[in-house]
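Visitor: My structure is stored as structure.txt, with compact mmCIF, C-alpha atoms (C1' of nucleotides).
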# COMPACT_ATOMS: atom_id res chain seq x y z
CA MET Y 8 122.50 62.63 60.11
CA ASN Y 9 121.12 65.44 62.27
CA ALA Y 10 122.11 69.11 62.36
CA LYS Y 11 124.30 68.69 65.43
CA ASP Y 12 126.42 65.99 63.81
CA ARG Y 13 126.66 68.03 60.65
CA ALA Y 14 127.97 70.97 62.64
CA LYS Y 15 130.48 68.69 64.36
CA TYR Y 16 131.97 67.54 61.09
CA GLN Y 17 131.98 71.06 59.70
CA ALA Y 18 133.94 72.27 62.69
CA ARG Y 19 136.46 69.46 62.35
CA THR Y 20 136.73 70.09 58.64
CA LYS Y 21 137.66 73.71 59.17
CA ILE Y 22 140.62 72.64 61.28
CA MET Y 23 141.73 69.94 58.87
CA LYS Y 24 141.50 72.33 55.93
CA ALA Y 25 143.58 74.87 57.78
CA LEU Y 26 146.30 72.24 58.09
CA ALA Y 27 145.97 70.90 54.56
CA HIS Y 28 148.73 72.94 52.94
CA PRO Y 29 152.51 72.43 52.90
CA ALA Y 30 153.28 76.00 53.92
CA ARG Y 31 150.86 75.92 56.81
CA LEU Y 32 152.12 72.55 58.02
CA LEU Y 33 155.63 73.93 57.91
CA ILE Y 34 154.61 76.99 59.89
CA VAL Y 35 152.88 74.88 62.53
CA ASP Y 36 155.89 72.60 62.76
CA VAL Y 37 158.25 75.50 63.30
CA LEU Y 38 155.99 77.15 65.85
CA ALA Y 39 155.71 73.86 67.73
CA ALA Y 40 159.47 73.48 67.80
CA GLU Y 41 160.60 77.02 68.40
CA GLY Y 42 157.74 78.99 69.95
CA GLU Y 43 156.59 82.27 68.54
CA ARG Y 44 157.79 83.82 65.29
CA CYS Y 45 157.09 87.08 63.50
CA VAL Y 46 155.54 87.19 60.05
CA CYS Y 47 158.83 88.30 58.56
CA ASP Y 48 160.65 85.21 59.87
CA LEU Y 49 157.90 82.91 58.65
CA THR Y 50 157.90 84.61 55.27
CA GLU Y 51 161.57 83.86 54.84
CA LEU Y 52 161.01 80.31 56.01
CA VAL Y 53 158.15 79.59 53.62
CA GLY Y 54 159.68 81.43 50.70
CA SER Y 55 156.46 82.96 49.34
CA ASP Y 56 155.32 86.54 49.17
CA MET Y 57 154.61 88.05 52.59
CA SER Y 58 151.01 88.70 51.61
CA THR Y 59 150.60 85.01 50.90
CA VAL Y 60 152.10 84.01 54.23
CA SER Y 61 149.91 86.53 56.01
CA ARG Y 62 146.87 84.86 54.47
CA HIS Y 63 148.10 81.43 55.53
CA LEU Y 64 148.46 82.72 59.06
CA ALA Y 65 145.00 84.25 58.96
CA GLN Y 66 143.61 80.90 58.02
CA LEU Y 67 145.39 79.12 60.86
CA LYS Y 68 144.15 81.79 63.21
CA GLY Y 69 140.60 81.48 61.93
CA ALA Y 70 140.70 77.78 62.71
CA GLY Y 71 141.90 78.45 66.23
CA ILE Y 72 145.27 76.83 65.71
CA VAL Y 73 147.45 79.90 66.25
CA GLU Y 74 147.09 83.25 67.94
CA ASP Y 75 148.79 86.53 67.17
CA ASP Y 76 150.36 89.19 69.30
CA LYS Y 77 151.30 92.56 67.90
CA ARG Y 78 154.31 94.20 69.52
CA GLY Y 79 155.48 97.36 67.87
CA GLN Y 80 155.24 97.06 64.15
CA MET Y 81 155.73 93.33 64.18
CA VAL Y 82 153.15 90.59 64.65
CA PHE Y 83 154.17 87.39 66.40
CA TYR Y 84 152.32 84.13 65.93
CA LYS Y 85 152.36 81.11 68.22
CA LEU Y 86 150.41 77.91 68.66
CA ARG Y 87 147.22 78.09 70.62
CA VAL Y 88 146.98 74.34 71.23
CA LYS Y 89 149.53 71.86 72.48
CA CYS Y 90 148.20 68.63 71.01
CA LEU Y 91 149.72 68.94 67.57
CA THR Y 92 152.38 66.40 68.40
CA GLY Y 93 149.82 63.61 68.63
CA LEU Y 94 148.27 64.73 65.40
CA PHE Y 95 151.56 64.77 63.55
CA ASN Y 96 152.52 61.40 64.98
CA CYS Y 97 149.41 59.98 63.40
CA ILE Y 98 150.02 61.62 60.05
CA GLU Y 99 153.60 60.47 60.11
CA SER Y 100 152.55 56.92 60.84
CA VAL Y 101 150.29 57.01 57.79
CA VAL Y 102 153.15 58.37 55.72
CA LYS Y 103 155.46 55.62 56.93
CA CYS Y 104 152.82 52.98 56.41
CA ASN Y 105 152.37 54.21 52.87
CA ALA Y 106 156.12 54.13 52.30
CA ASN Y 107 156.36 50.57 53.60
CA HIS Y 108 153.51 49.53 51.39
CA SER Y 109 155.16 51.07 48.35
CA LEU Y 110 158.37 49.21 49.12
CA ALA Y 111 156.46 45.96 49.49
CA VAL Y 112 154.82 46.48 46.12
CA LEU Y 113 158.17 47.24 44.52
CA SER Y 114 159.73 44.07 45.88
CA ASN Y 115 157.08 41.82 44.34
CA MET P 14 164.16 74.31 52.82
CA ASN P 15 165.59 71.35 50.95
CA ALA P 16 163.89 68.91 48.63
CA LYS P 17 163.57 66.25 51.30
CA ASP P 18 161.70 68.54 53.66
CA ARG P 19 159.50 69.71 50.86
CA ALA P 20 158.59 66.11 50.07
CA LYS P 21 157.84 65.51 53.73
CA TYR P 22 155.33 68.32 53.91
CA GLN P 23 153.80 67.33 50.59
CA ALA P 24 153.23 63.82 51.89
CA ARG P 25 151.64 65.11 55.07
CA THR P 26 149.51 67.52 53.10
CA LYS P 27 148.08 64.75 50.97
CA ILE P 28 146.81 63.03 54.11
CA MET P 29 145.42 66.20 55.64
CA LYS P 30 143.63 67.09 52.41
CA ALA P 31 142.10 63.66 52.24
CA LEU P 32 140.61 64.26 55.69
CA ALA P 33 139.57 67.85 55.06
CA HIS P 34 135.97 67.25 54.05
CA PRO P 35 132.87 66.62 56.17
CA ALA P 36 131.80 63.55 54.20
CA ARG P 37 135.23 61.98 54.40
CA LEU P 38 135.54 62.69 58.12
CA LEU P 39 132.16 61.08 58.62
CA ILE P 40 133.19 58.03 56.65
CA VAL P 41 136.40 57.65 58.63
CA ASP P 42 134.51 58.04 61.89
CA VAL P 43 132.04 55.32 60.97
CA LEU P 44 134.73 52.96 59.75
CA ALA P 45 136.65 53.50 62.98
CA ALA P 46 133.57 52.73 65.05
CA GLU P 47 132.01 49.91 63.09
CA GLY P 48 134.66 48.29 60.92
CA GLU P 49 134.21 47.75 57.22
CA ARG P 50 131.29 49.06 55.17
CA CYS P 51 130.26 48.73 51.54
CA VAL P 52 129.97 51.73 49.25
CA CYS P 53 126.19 51.40 49.24
CA ASP P 54 126.01 51.73 53.04
CA LEU P 55 128.37 54.71 53.04
CA THR P 56 126.39 56.34 50.24
CA GLU P 57 123.24 56.18 52.32
CA LEU P 58 125.14 57.48 55.32
CA VAL P 59 126.64 60.46 53.52
CA GLY P 60 123.54 61.28 51.54
CA SER P 61 125.27 62.23 48.29
CA ASP P 62 125.30 60.58 44.91
CA MET P 63 127.08 57.21 44.91
CA SER P 64 129.54 58.49 42.33
CA THR P 65 130.49 61.30 44.68
CA VAL P 66 130.99 58.93 47.59
CA SER P 67 133.04 56.65 45.41
CA ARG P 68 135.35 59.56 44.63
CA HIS P 69 135.63 60.43 48.32
CA LEU P 70 136.64 56.85 49.03
CA ALA P 71 139.16 56.91 46.20
CA GLN P 72 140.75 59.96 47.75
CA LEU P 73 140.97 58.34 51.17
CA LYS P 74 142.46 55.26 49.56
CA GLY P 75 144.96 57.31 47.60
CA ALA P 76 146.14 58.86 50.84
CA GLY P 77 146.60 55.44 52.42
CA ILE P 78 143.88 55.95 55.00
CA VAL P 79 141.51 53.19 53.87
CA GLU P 80 141.78 50.03 51.84
CA ASP P 81 139.17 48.26 49.77
CA ASP P 82 138.17 44.65 49.36
CA LYS P 83 135.89 43.54 46.57
CA ARG P 84 133.67 40.60 47.39
CA GLY P 85 131.14 39.73 44.76
CA GLN P 86 129.68 42.86 43.26
CA MET P 87 130.19 44.87 46.39
CA VAL P 88 133.30 46.74 47.54
CA PHE P 89 134.02 47.00 51.24
CA TYR P 90 136.18 49.75 52.71
CA LYS P 91 137.94 49.73 56.06
CA LEU P 92 140.59 51.77 57.83
CA ARG P 93 144.18 50.95 57.07
CA VAL P 94 145.60 52.76 60.10
CA LYS P 95 144.61 52.65 63.74
CA CYS P 96 145.88 55.98 64.98
CA LEU P 97 142.93 58.09 63.95
CA THR P 98 141.71 58.29 67.51
CA GLY P 99 144.67 60.39 68.57
CA LEU P 100 144.23 62.61 65.57
CA PHE P 101 140.56 63.18 66.24
CA ASN P 102 141.24 63.82 69.91
CA CYS P 103 143.49 66.65 68.88
CA ILE P 104 141.02 68.10 66.44
CA GLU P 105 138.29 67.83 69.02
CA SER P 106 140.40 69.65 71.58
CA VAL P 107 140.86 72.50 69.12
CA VAL P 108 137.13 72.56 68.49
CA LYS P 109 136.43 72.68 72.24
CA CYS P 110 139.07 75.32 72.79
CA ASN P 111 137.48 77.40 70.06
CA ALA P 112 134.07 76.95 71.63
CA ASN P 113 135.35 78.01 75.05
CA HIS P 114 136.99 81.04 73.56
CA SER P 115 133.79 82.03 71.81
CA LEU P 116 131.87 81.74 75.08
CA ALA P 117 134.46 83.85 76.85
CA VAL P 118 134.17 86.54 74.21
CA LEU P 119 130.39 86.47 74.45
CA SER P 120 130.48 86.91 78.23
CA ASN P 121 132.59 90.05 78.06
C1' DC B 26 123.42 34.88 26.82
C1' DG B 27 120.41 38.75 28.70
C1' DC B 28 119.26 41.39 32.65
C1' DA B 29 119.76 43.50 37.25
C1' DT B 30 122.80 45.38 40.81
C1' DA B 31 127.13 47.63 42.61
C1' DT B 32 130.76 50.53 41.62
C1' DT B 33 133.79 53.42 39.00
C1' DT B 34 134.91 56.82 35.44
C1' DG B 35 134.16 60.69 31.85
C1' DG B 36 132.60 65.09 31.27
C1' DC B 37 130.89 69.24 32.70
C1' DT B 38 129.79 73.42 35.74
C1' DA B 39 130.03 76.02 39.93
C1' DA B 40 132.50 77.08 43.92
C1' DA B 41 136.68 77.38 46.59
C1' DC B 42 141.65 77.92 47.02
C1' DT B 43 146.31 79.89 46.01
C1' DT B 44 149.17 83.40 44.72
C1' DA B 45 151.33 87.70 43.41
C1' DC B 46 151.20 92.58 42.81
C1' DA B 47 149.62 96.89 44.30
C1' DA B 48 147.49 99.74 47.62
C1' DA B 49 146.09 100.58 52.38
C1' DT B 50 147.07 100.50 57.37
C1' DA B 51 149.85 100.88 61.44
C1' DA B 52 153.92 101.75 64.21
C1' DG B 53 158.58 103.71 64.98
C1' DC B 54 161.81 107.25 64.24
C1' DA B 55 164.22 111.55 62.54
C1' DT D 8 155.13 115.86 60.22
C1' DG D 9 157.38 113.00 56.73
C1' DC D 10 159.79 108.65 55.88
C1' DT D 11 160.68 103.74 56.59
C1' DT D 12 159.38 99.15 57.88
C1' DA D 13 155.96 95.37 58.99
C1' DT D 14 151.70 93.62 57.99
C1' DT D 15 147.17 93.24 56.01
C1' DT D 16 143.71 93.71 52.39
C1' DG D 17 141.73 94.45 47.40
C1' DT D 18 141.84 92.47 43.19
C1' DA D 19 142.48 89.38 39.45
C1' DA D 20 144.27 85.15 37.18
C1' DG D 21 145.14 80.37 37.38
C1' DT D 22 144.40 75.93 39.61
C1' DT D 23 141.96 72.63 42.19
C1' DT D 24 137.91 70.54 44.13
C1' DA D 25 132.98 68.97 44.60
C1' DG D 26 128.95 67.53 42.69
C1' DC D 27 125.78 65.48 39.49
C1' DC D 28 124.33 62.90 35.43
C1' DA D 29 125.31 59.64 32.08
C1' DA D 30 128.05 55.99 30.41
C1' DA D 31 131.24 52.21 31.20
C1' DT D 32 132.70 48.14 33.90
C1' DA D 33 132.16 44.12 36.66
C1' DT D 34 129.66 40.59 39.01
C1' DG D 35 125.81 37.46 39.89
C1' DC D 36 121.73 35.09 38.40
C1' DG D 37 117.97 33.31 35.54
What is this file in structure tokens?
Guide:
Amino acid sequence: MNAKDRAKYQARTKIMKALAHPARLLIVDVLAAEGERCVCDLTELVGSDMSTVSRHLAQLKGAGIVEDDKRGQMVFYKLRVKCLTGLFNCIESVVKCNANHSLAVLSN
Amino acid sequence: MNAKDRAKYQARTKIMKALAHPARLLIVDVLAAEGERCVCDLTELVGSDMSTVSRHLAQLKGAGIVEDDKRGQMVFYKLRVKCLTGLFNCIESVVKCNANHSLAVLSN
DNA sequence: CGCATATTTGGCTAAACTTACAAATAAGCA
DNA sequence: TGCTTATTTGTAAGTTTAGCCAAATATGCG
């Protein structure tokens, strides 16, 4: 594999890693459904320390998934890309496929 | 957030984590393009120790993304789901969006 | 059976990730 | 300015992950 391909997979990996955490998936889900939210709202939603949530948001931002907008003393985050629906549909289909498979195994 | 939602995000996270590694993304890409491959082929492709590749494959299998089929002394892996294209399209659009943004920043 | 090949697993180390608390920064308001 | 609130950052501890080598397992073949 050449350097260009390696860079391609590294770039993809950064995005996948940013999404590979329950709190961050929850945040993305909420932002997709409801538009922008401040850190304080997301902190309450996630239920972790605000510093932890802030770091989760920094990671999503670093991957280019969200963008922030400071207004007054609050910082609002929103999605930067619109395609997340397709991505989650795929993940969900894997989840469902796994569930079906588990049921099939149980019924043997 | 209730227990059901928590389980939902945990299940999604498992799948995202399984895909959050350059070697595993490469493997999935190749399997999507070329169908099944044995561990030996994938080992050469990835360029790591066979034991490492075997563990990558185990993780993909554990997440329900691939399935294995032992024939003789070789084990063949193939994708278990077909939706990966949509998922990669999304990731790629984030990558491209990031690249465009970087260019825009550079040209300021 | 005895040997070679393909794959997985055990064990270990180094690196990365997650998290909370405390301290620093920034903005609004009296 | 001094105080309060919102957010980020420094730091440290605990957990997870990645990687390799060596050993175990499984299959095929003479």
Visitor: Near chain P, which residues of chain Y fall within 9 Å when you count all atoms listed in the file, and what do they look like as JSON, numbers by chain?
Guide: {"Y": [8, 13, 15, 16, 17, 18, 19, 20, 21, 22, 23, 24, 25, 26, 27, 28, 29, 30, 32, 33, 52, 53, 54, 70, 71, 72, 87, 88, 89, 90, 91, 92, 93, 94, 95, 96, 97, 98, 99, 100, 101, 102, 104, 105]}
Visitor: Keeping only C-alpha atoms, write the selected residues as a PDB file, in the frame of the given file.
Guide:
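Printed below is out21.pdb as written:
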ATOM      1  CA  MET Y   8     122.500  62.630  60.110  1.00  0.00           C
ATOM      2  CA  ARG Y  13     126.660  68.030  60.650  1.00  0.00           C
ATOM      3  CA  LYS Y  15     130.480  68.690  64.360  1.00  0.00           C
ATOM      4  CA  TYR Y  16     131.970  67.540  61.090  1.00  0.00           C
ATOM      5  CA  GLN Y  17     131.980  71.060  59.700  1.00  0.00           C
ATOM      6  CA  ALA Y  18     133.940  72.270  62.690  1.00  0.00           C
ATOM      7  CA  ARG Y  19     136.460  69.460  62.350  1.00  0.00           C
ATOM      8  CA  THR Y  20     136.730  70.090  58.640  1.00  0.00           C
ATOM      9  CA  LYS Y  21     137.660  73.710  59.170  1.00  0.00           C
ATOM     10  CA  ILE Y  22     140.620  72.640  61.280  1.00  0.00           C
ATOM     11  CA  MET Y  23     141.730  69.940  58.870  1.00  0.00           C
ATOM     12  CA  LYS Y  24     141.500  72.330  55.930  1.00  0.00           C
ATOM     13  CA  ALA Y  25     143.580  74.870  57.780  1.00  0.00           C
ATOM     14  CA  LEU Y  26     146.300  72.240  58.090  1.00  0.00           C
ATOM     15  CA  ALA Y  27     145.970  70.900  54.560  1.00  0.00           C
ATOM     16  CA  HIS Y  28     148.730  72.940  52.940  1.00  0.00           C
ATOM     17  CA  PRO Y  29     152.510  72.430  52.900  1.00  0.00           C
ATOM     18  CA  ALA Y  30     153.280  76.000  53.920  1.00  0.00           C
ATOM     19  CA  LEU Y  32     152.120  72.550  58.020  1.00  0.00           C
ATOM     20  CA  LEU Y  33     155.630  73.930  57.910  1.00  0.00           C
ATOM     21  CA  LEU Y  52     161.010  80.310  56.010  1.00  0.00           C
ATOM     22  CA  VAL Y  53     158.150  79.590  53.620  1.00  0.00           C
ATOM     23  CA  GLY Y  54     159.680  81.430  50.700  1.00  0.00           C
ATOM     24  CA  ALA Y  70     140.700  77.780  62.710  1.00  0.00           C
ATOM     25  CA  GLY Y  71     141.900  78.450  66.230  1.00  0.00           C
ATOM     26  CA  ILE Y  72     145.270  76.830  65.710  1.00  0.00           C
ATOM     27  CA  ARG Y  87     147.220  78.090  70.620  1.00  0.00           C
ATOM     28  CA  VAL Y  88     146.980  74.340  71.230  1.00  0.00           C
ATOM     29  CA  LYS Y  89     149.530  71.860  72.480  1.00  0.00           C
ATOM     30  CA  CYS Y  90     148.200  68.630  71.010  1.00  0.00           C
ATOM     31  CA  LEU Y  91     149.720  68.940  67.570  1.00  0.00           C
ATOM     32  CA  THR Y  92     152.380  66.400  68.400  1.00  0.00           C
ATOM     33  CA  GLY Y  93     149.820  63.610  68.630  1.00  0.00           C
ATOM     34  CA  LEU Y  94     148.270  64.730  65.400  1.00  0.00           C
ATOM     35  CA  PHE Y  95     151.560  64.770  63.550  1.00  0.00           C
ATOM     36  CA  ASN Y  96     152.520  61.400  64.980  1.00  0.00           C
ATOM     37  CA  CYS Y  97     149.410  59.980  63.400  1.00  0.00           C
ATOM     38  CA  ILE Y  98     150.020  61.620  60.050  1.00  0.00           C
ATOM     39  CA  GLU Y  99     153.600  60.470  60.110  1.00  0.00           C
ATOM     40  CA  SER Y 100     152.550  56.920  60.840  1.00  0.00           C
ATOM     41  CA  VAL Y 101     150.290  57.010  57.790  1.00  0.00           C
ATOM     42  CA  VAL Y 102     153.150  58.370  55.720  1.00  0.00           C
ATOM     43  CA  CYS Y 104     152.820  52.980  56.410  1.00  0.00           C
ATOM     44  CA  ASN Y 105     152.370  54.210  52.870  1.00  0.00           C
TER      45      ASN Y 105
END
Visitor: Starting from chain B, keep only residues with some atom at most 10 Å from an atom of chain Y, counting all atoms listed in the file, and report them as a PyMOL selection string.
Guide: chain B and resi 43-46+51-53
Visitor: Report as a PyMOL selection string the set of chain D residues whose atoms approach chain P to within 8 Å, with distances computed over only C-alpha atoms (C1' of nucleotides).
Guide: chain D and resi 26-27+33-35
Visitor: Suppose you want the space between CA of Leu67 (chain Y) and CA of Ala117 (chain P); what is it in Å?
Guide: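 Here the two named atoms are 19.9 Å from each other.
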Visitor: So, with only C-alpha atoms as the atoms that count, which of P:Asn15, P:Cys53, P:Tyr90, P:Ile40 lies closest to Lys74 (chain P)?
Guide: P:Tyr90
Visitor: Which distance in Å separates C1' of DT33 (chain B) and CA of Asp54 (chain P), to one decimal?
Guide: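 Result for C1' of DT33 (chain B) versus CA of Asp54 (chain P): 16.1 Å, one decimal.
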Visitor: Work out how far apart C1' of DT24 (chain D) and CA of Leu70 (chain P) are and give it in Å to one decimal.
Guide: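 These two atoms are separated by 14.6 Å.
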Visitor: With a distance cut-off of 12 Å and all atoms listed in the file, select the neighbouring residues of DA29 (chain D), excluding the residue or stretch itself and same-chain residues fewer than 4 positions from it, and output the selection as a PyMOL selection string.
Guide: (chain P and resi 64) or (chain B and resi 34-37)
Visitor: Quick one: everything within 12 Å of DA47 (chain B), counting only C-alpha atoms (C1' of nucleotides), minus sequence neighbours fewer than 5 positions away in the same chain. Send it as a list in words.
Guide: Ser58 of chain Y; DT16, DG17, DT18 and DA19 of chain D
Visitor: At a cut-off of 7 Å from (128.4, 50.8, 36.9) in the coordinates of the file, what residues are picked up using all atoms listed in the file, written as a ChimeraX atom specification?
Guide: /B:31-33 /D:31-32
Visitor: Would you compute an axis-aligned box for region 86-93 of chain P, covering every atom listed for it in the file with 4 Å of margin on each side, and report centre and edge lengths in Å to one decimal as JSON?
Guide:
{"center_x": 136.9, "center_y": 47.3, "center_z": 50.5, "size_x": 22.5, "size_y": 16.9, "size_z": 22.6}
Visitor: Which residue out of Y:Arg44, Y:Leu110, Y:Lys85, Y:Ala10 has the minimum interatomic distance to Val73 (chain Y) when only C-alpha atoms are used?
Guide: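 The answer is Y:Lys85, which sits nearest to Val73 (chain Y).
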Visitor: Return region 70-90 of chain Y, completed with N, CA and C atoms, as a tab-separated table (two decimals), in the frame of the given file.
Guide:
chain	number	residue	atom	x	y	z
Y	70	ALA	N	141.03	79.14	62.27
Y	70	ALA	CA	140.70	77.78	62.71
Y	70	ALA	C	141.01	77.58	64.18
Y	71	GLY	N	141.59	78.57	64.81
Y	71	GLY	CA	141.90	78.45	66.23
Y	71	GLY	C	143.19	77.73	66.53
Y	72	ILE	N	144.03	77.59	65.53
Y	72	ILE	CA	145.27	76.83	65.71
Y	72	ILE	C	146.40	77.71	66.22
Y	73	VAL	N	146.43	78.96	65.78
Y	73	VAL	CA	147.45	79.90	66.25
Y	73	VAL	C	146.78	81.16	66.80
Y	74	GLU	N	147.56	81.93	67.52
Y	74	GLU	CA	147.09	83.25	67.94
Y	74	GLU	C	148.19	84.25	67.66
Y	75	ASP	N	147.80	85.52	67.52
Y	75	ASP	CA	148.79	86.53	67.17
Y	75	ASP	C	148.92	87.54	68.29
Y	76	ASP	N	150.05	88.22	68.26
Y	76	ASP	CA	150.36	89.19	69.30
Y	76	ASP	C	151.18	90.30	68.65
Y	77	LYS	N	150.60	91.46	68.55
Y	77	LYS	CA	151.30	92.56	67.90
Y	77	LYS	C	152.13	93.32	68.92
Y	78	ARG	N	153.42	93.44	68.65
Y	78	ARG	CA	154.31	94.20	69.52
Y	78	ARG	C	155.12	95.13	68.64
Y	79	GLY	N	154.85	96.41	68.77
Y	79	GLY	CA	155.48	97.36	67.87
Y	79	GLY	C	154.90	97.19	66.49
Y	80	GLN	N	155.77	97.23	65.50
Y	80	GLN	CA	155.24	97.06	64.15
Y	80	GLN	C	155.22	95.61	63.71
Y	81	MET	N	155.70	94.74	64.58
Y	81	MET	CA	155.73	93.33	64.18
Y	81	MET	C	154.59	92.55	64.83
Y	82	VAL	N	154.19	91.47	64.13
Y	82	VAL	CA	153.15	90.59	64.65
Y	82	VAL	C	153.77	89.22	64.86
Y	83	PHE	N	153.63	88.70	66.08
Y	83	PHE	CA	154.17	87.39	66.40
Y	83	PHE	C	153.04	86.37	66.47
Y	84	TYR	N	153.31	85.22	65.90
Y	84	TYR	CA	152.32	84.13	65.93
Y	84	TYR	C	152.88	82.98	66.76
Y	85	LYS	N	151.97	82.33	67.50
Y	85	LYS	CA	152.36	81.11	68.22
Y	85	LYS	C	151.18	80.16	68.28
Y	86	LEU	N	151.47	78.91	68.59
Y	86	LEU	CA	150.41	77.91	68.66
Y	86	LEU	C	149.47	78.19	69.81
Y	87	ARG	N	148.21	77.89	69.59
Y	87	ARG	CA	147.22	78.09	70.62
Y	87	ARG	C	146.88	76.76	71.30
Y	88	VAL	N	147.27	75.67	70.69
Y	88	VAL	CA	146.98	74.34	71.23
Y	88	VAL	C	148.28	73.54	71.31
Y	89	LYS	N	148.29	72.60	72.23
Y	89	LYS	CA	149.53	71.86	72.48
Y	89	LYS	C	149.50	70.45	71.91
Y	90	CYS	N	148.38	70.04	71.34
Y	90	CYS	CA	148.20	68.63	71.01
Y	90	CYS	C	148.75	68.26	69.64
